[in-house]
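These notes are about the structure you will find just below.
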Amino acid sequence: MSRSGMSRRALLTTAAAGAATAVTGWNTTTAAWATAPGTDVAELPALDGTVTLQREALDRFAGDFGHLVTATPRAVLRPGSVRDVQQLLAFARRHRIPVAVNAQSGDLARTGAASLESHSSYGQANPRGGIAVDARGLSKILSLHPGRAVVEAGATWAQVTEAALATGWVPPVLTDYLHLTVGGTLSVGGIGGAVQRHGLQADNVLELDVVTGTGDLVTASPTRNRDLFDAVLAGGGQAGIIVRATLALVPAPERAHVFSLHYDDLDTYLADQQKVMAEGRFDLQVGDVVRSPDGTHWRYKAELVAFADTGQSVDTTALLAGLTPAETKVVEQSWREYAFRVDGFADYLRAAGYWALPKPWLSVFLPASTARTFMARAAEVLTAADLGAGLLLFYPYQRSKVRAPLAVLPDQETGWHFDLLAFPAAGSDTAAMLERNRRLYDLAVELGGKRYLIGAIPDMTRTDWQRHYGALWDQASRAKRRYDPAGILTPGQGIHTP
């Protein structure tokens, strides 16, 4: 009997003719799940959670937020403990079954279980016919103390933020949409409007518990097992599965003064954004590209946020000194209102039917010296239909603030993040949009740019990945060989595919 009181055979079930059929293990000859014991059947390990082959569960894990890639897994693990992840990875390694964590992100309380999905956009979190690990099985906030939070990797940033805020603390860097899992964003880096001050979310991790591709549970930090720590943060899930994270927290501000500066001229926008960043005027700094009110051209908006406590004013004149936008708006709201600002927009996208449509996203980092060239070329290519109901983010960052080695960025100290979060209308030519993404990505590389791992870029080759990592390719490859010698982890990224 397993520790859950169930037999090993009962832990894995599949729907057959309306009844549950027990699966005993893995047939090493046919490379398929077995429903009866045999000399060629490797028995499943005892688990605290469940593994299922039921069609409804498999279908739910077949796609992701991008709705561009579909590949049905052979099984889904809902772990009941970290030990389950260890056991299953050790089993999968022996039989060379691919494994990937599917975050099943979303706002469960507000939108229900039907809205949960992996927030990768191009099959990155799909195990490609292997075993999908449902991160919701490990989603607890374990402890909160001044300056730090210990959480399971399946907890969302919304959960962490709400719990920490109640104690007067918050994470220093948040993604725009908070209903993403901690493990998911740490695996790709996790960028937000505080990157100019605090780097990526991956740069604000104190310690990790990681299950490697061999099934070993390893605690890693800047002073302990540093090579694994560096390989996992922004590593695309190639060296291990994050199961627990100790996160840095900072004192929570009370109010957010949000400055929206609109520009019709790209050069003025670039200069003002870089001036603001260099002088450290604001606590948060993002920006986006939108159509002009008359629909004739692209317009640039800097969104700059200054924090203050209740009753404390900010010096608007000093904050805006020397800047020359065409239009300025200032709004004051609570820190929490600003942190959760995207929820209302997400509700609109769901209600209007955009949420479930294909989303060919493109996310790249550009050196400041070529950012204007890239943006001007993109502005010529992109149409309002390409953007749809989505966003095109475009804002600067400082390279020295990003310390996670595998968060690959251009060499220059000042860079720009170009993030096409497209929500095209139904019936849009998705194939043409993916080809456009590839052309823009190739242009970015030609101009010294790098990609962010969340985007939808077709036909990435081994040569593309080697060029992306550059001098870091040997480090990434060594970590893969050491911590995932069977090559089973997160095949959807395609980074180490021959």
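By order in the structure tokens, chains are A, B, ...; within a chain, residues start at 1; ligands start at 1, following the order shown.
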What are the closest atom pairs, with distances in Å to one decimal, for each residue of stretch 56-93 of chain A lying within 10 Å of stretch 480-496 of chain A, using only C-alpha atoms, rows by chain and rising residue number, as JSON lines?
```
{"residue": "A:Val69", "atom": "CA", "partner": "A:Gly492", "partner_atom": "CA", "distance": 9.7}
{"residue": "A:Ala71", "atom": "CA", "partner": "A:Gly492", "partner_atom": "CA", "distance": 9.8}
{"residue": "A:Leu89", "atom": "CA", "partner": "A:Ile488", "partner_atom": "CA", "distance": 8.7}
{"residue": "A:Ala92", "atom": "CA", "partner": "A:Ile488", "partner_atom": "CA", "distance": 7.6}
{"residue": "A:Arg93", "atom": "CA", "partner": "A:Ala486", "partner_atom": "CA", "distance": 5.9}
```
Selected residues written out, N, CA and C atoms, as a short mmCIF file (atom, residue, chain, number, x, y, z; two decimals), in the first residue's frame:
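What follows is the written file again21.cif:
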```
data_model
loop_
_atom_site.label_atom_id
_atom_site.label_comp_id
_atom_site.auth_asym_id
_atom_site.auth_seq_id
_atom_site.Cartn_x
_atom_site.Cartn_y
_atom_site.Cartn_z
N VAL A 69 0.10 25.33 -30.48
CA VAL A 69 0.70 23.99 -30.49
C VAL A 69 -0.15 23.07 -29.64
N ALA A 71 -0.30 19.00 -28.35
CA ALA A 71 0.32 17.68 -28.27
C ALA A 71 -0.16 17.03 -26.98
N LEU A 89 10.02 11.43 -11.65
CA LEU A 89 11.14 11.77 -12.51
C LEU A 89 12.17 10.63 -12.56
N ALA A 92 10.59 8.17 -14.87
CA ALA A 92 10.62 8.65 -16.24
C ALA A 92 12.03 8.61 -16.82
N ARG A 93 13.03 8.87 -15.99
CA ARG A 93 14.40 8.82 -16.48
C ARG A 93 14.76 7.40 -16.91
#
```
(request) Do a neighbour search on A:Ala202 at 7 Å with only C-alpha atoms, toss out local chain neighbours closer than 2 positions, and write the hits as an NGL selection string. (result) :A and (186 or 189-190 or 200 or 204-205 or 233-234 or 404)
(message) Measuring between only C-alpha atoms, which one of A:Gln274, A:Ser477, A:Thr328, A:Gln333 shows the shortest distance to A:Ala231?
(response)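 Closest to A:Ala231, using only C-alpha atoms: A:Ser477.
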Could you pull out the strand (DSSP E or B) residues of stretch 380-452 of chain A from DSSP and send them as a PDB file with N, CA and C atoms, in the first residue's frame?
```
ATOM      1  N   GLY A 388      -4.491  43.340 -32.610  1.00  0.00           N
ATOM      2  CA  GLY A 388      -5.820  42.957 -32.158  1.00  0.00           C
ATOM      3  C   GLY A 388      -6.198  43.696 -30.892  1.00  0.00           C
ATOM      4  N   LEU A 391      -1.406  44.014 -26.599  1.00  0.00           N
ATOM      5  CA  LEU A 391      -0.481  45.061 -26.194  1.00  0.00           C
ATOM      6  C   LEU A 391       0.855  44.881 -26.897  1.00  0.00           C
ATOM      7  N   LEU A 392       1.536  45.982 -27.144  1.00  0.00           N
ATOM      8  CA  LEU A 392       2.914  45.941 -27.599  1.00  0.00           C
ATOM      9  C   LEU A 392       3.736  46.745 -26.602  1.00  0.00           C
ATOM     10  N   LEU A 393       4.420  46.028 -25.706  1.00  0.00           N
ATOM     11  CA  LEU A 393       5.240  46.683 -24.698  1.00  0.00           C
ATOM     12  C   LEU A 393       6.612  47.008 -25.271  1.00  0.00           C
ATOM     13  N   PHE A 394       7.151  48.165 -24.875  1.00  0.00           N
ATOM     14  CA  PHE A 394       8.453  48.596 -25.382  1.00  0.00           C
ATOM     15  C   PHE A 394       9.056  49.558 -24.368  1.00  0.00           C
ATOM     16  N   TYR A 395      10.035  49.062 -23.590  1.00  0.00           N
ATOM     17  CA  TYR A 395      10.604  49.894 -22.537  1.00  0.00           C
ATOM     18  C   TYR A 395      12.042  49.464 -22.236  1.00  0.00           C
ATOM     19  N   PRO A 396      12.823  50.345 -21.595  1.00  0.00           N
ATOM     20  CA  PRO A 396      14.244  50.069 -21.378  1.00  0.00           C
ATOM     21  C   PRO A 396      14.518  49.299 -20.084  1.00  0.00           C
ATOM     22  N   TYR A 397      15.714  48.747 -20.027  1.00  0.00           N
ATOM     23  CA  TYR A 397      16.192  48.073 -18.813  1.00  0.00           C
ATOM     24  C   TYR A 397      17.699  48.291 -18.720  1.00  0.00           C
ATOM     25  N   GLN A 398      18.259  48.015 -17.536  1.00  0.00           N
ATOM     26  CA  GLN A 398      19.708  48.072 -17.337  1.00  0.00           C
ATOM     27  C   GLN A 398      20.235  46.649 -17.185  1.00  0.00           C
ATOM     28  N   THR A 414      22.539  49.369 -21.543  1.00  0.00           N
ATOM     29  CA  THR A 414      21.148  49.777 -21.715  1.00  0.00           C
ATOM     30  C   THR A 414      20.531  48.980 -22.854  1.00  0.00           C
ATOM     31  N   GLY A 415      19.384  48.400 -22.590  1.00  0.00           N
ATOM     32  CA  GLY A 415      18.679  47.634 -23.616  1.00  0.00           C
ATOM     33  C   GLY A 415      17.201  47.956 -23.591  1.00  0.00           C
ATOM     34  N   TRP A 416      16.485  47.410 -24.557  1.00  0.00           N
ATOM     35  CA  TRP A 416      15.042  47.620 -24.669  1.00  0.00           C
ATOM     36  C   TRP A 416      14.342  46.282 -24.799  1.00  0.00           C
ATOM     37  N   HIS A 417      13.215  46.173 -24.102  1.00  0.00           N
ATOM     38  CA  HIS A 417      12.377  44.977 -24.165  1.00  0.00           C
ATOM     39  C   HIS A 417      11.209  45.246 -25.112  1.00  0.00           C
ATOM     40  N   PHE A 418      11.136  44.470 -26.186  1.00  0.00           N
ATOM     41  CA  PHE A 418      10.051  44.545 -27.163  1.00  0.00           C
ATOM     42  C   PHE A 418       9.187  43.317 -26.955  1.00  0.00           C
ATOM     43  N   ASP A 419       7.917  43.518 -26.592  1.00  0.00           N
ATOM     44  CA  ASP A 419       7.069  42.404 -26.172  1.00  0.00           C
ATOM     45  C   ASP A 419       5.698  42.513 -26.854  1.00  0.00           C
ATOM     46  N   LEU A 420       5.540  41.789 -27.962  1.00  0.00           N
ATOM     47  CA  LEU A 420       4.297  41.807 -28.725  1.00  0.00           C
ATOM     48  C   LEU A 420       3.331  40.784 -28.136  1.00  0.00           C
ATOM     49  N   LEU A 421       2.416  41.248 -27.299  1.00  0.00           N
ATOM     50  CA  LEU A 421       1.425  40.386 -26.648  1.00  0.00           C
ATOM     51  C   LEU A 421       0.123  40.486 -27.440  1.00  0.00           C
ATOM     52  N   PHE A 423      -3.355  39.729 -29.329  1.00  0.00           N
ATOM     53  CA  PHE A 423      -4.621  39.008 -29.195  1.00  0.00           C
ATOM     54  C   PHE A 423      -5.420  39.240 -30.479  1.00  0.00           C
ATOM     55  N   LYS A 450      18.369  39.437 -28.457  1.00  0.00           N
ATOM     56  CA  LYS A 450      18.172  38.088 -27.927  1.00  0.00           C
ATOM     57  C   LYS A 450      16.678  37.871 -27.700  1.00  0.00           C
ATOM     58  N   ARG A 451      16.254  36.624 -27.628  1.00  0.00           N
ATOM     59  CA  ARG A 451      14.857  36.328 -27.398  1.00  0.00           C
ATOM     60  C   ARG A 451      14.586  36.085 -25.921  1.00  0.00           C
TER      61      ARG A 451
END
```
(request) Between atom CA of A:Ala31 and atom CA of A:Arg74, measure the distance and give it in Å to one decimal. (result)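 Computing the Euclidean distance for atom CA of A:Ala31 and atom CA of A:Arg74 yields 10.9 Å.
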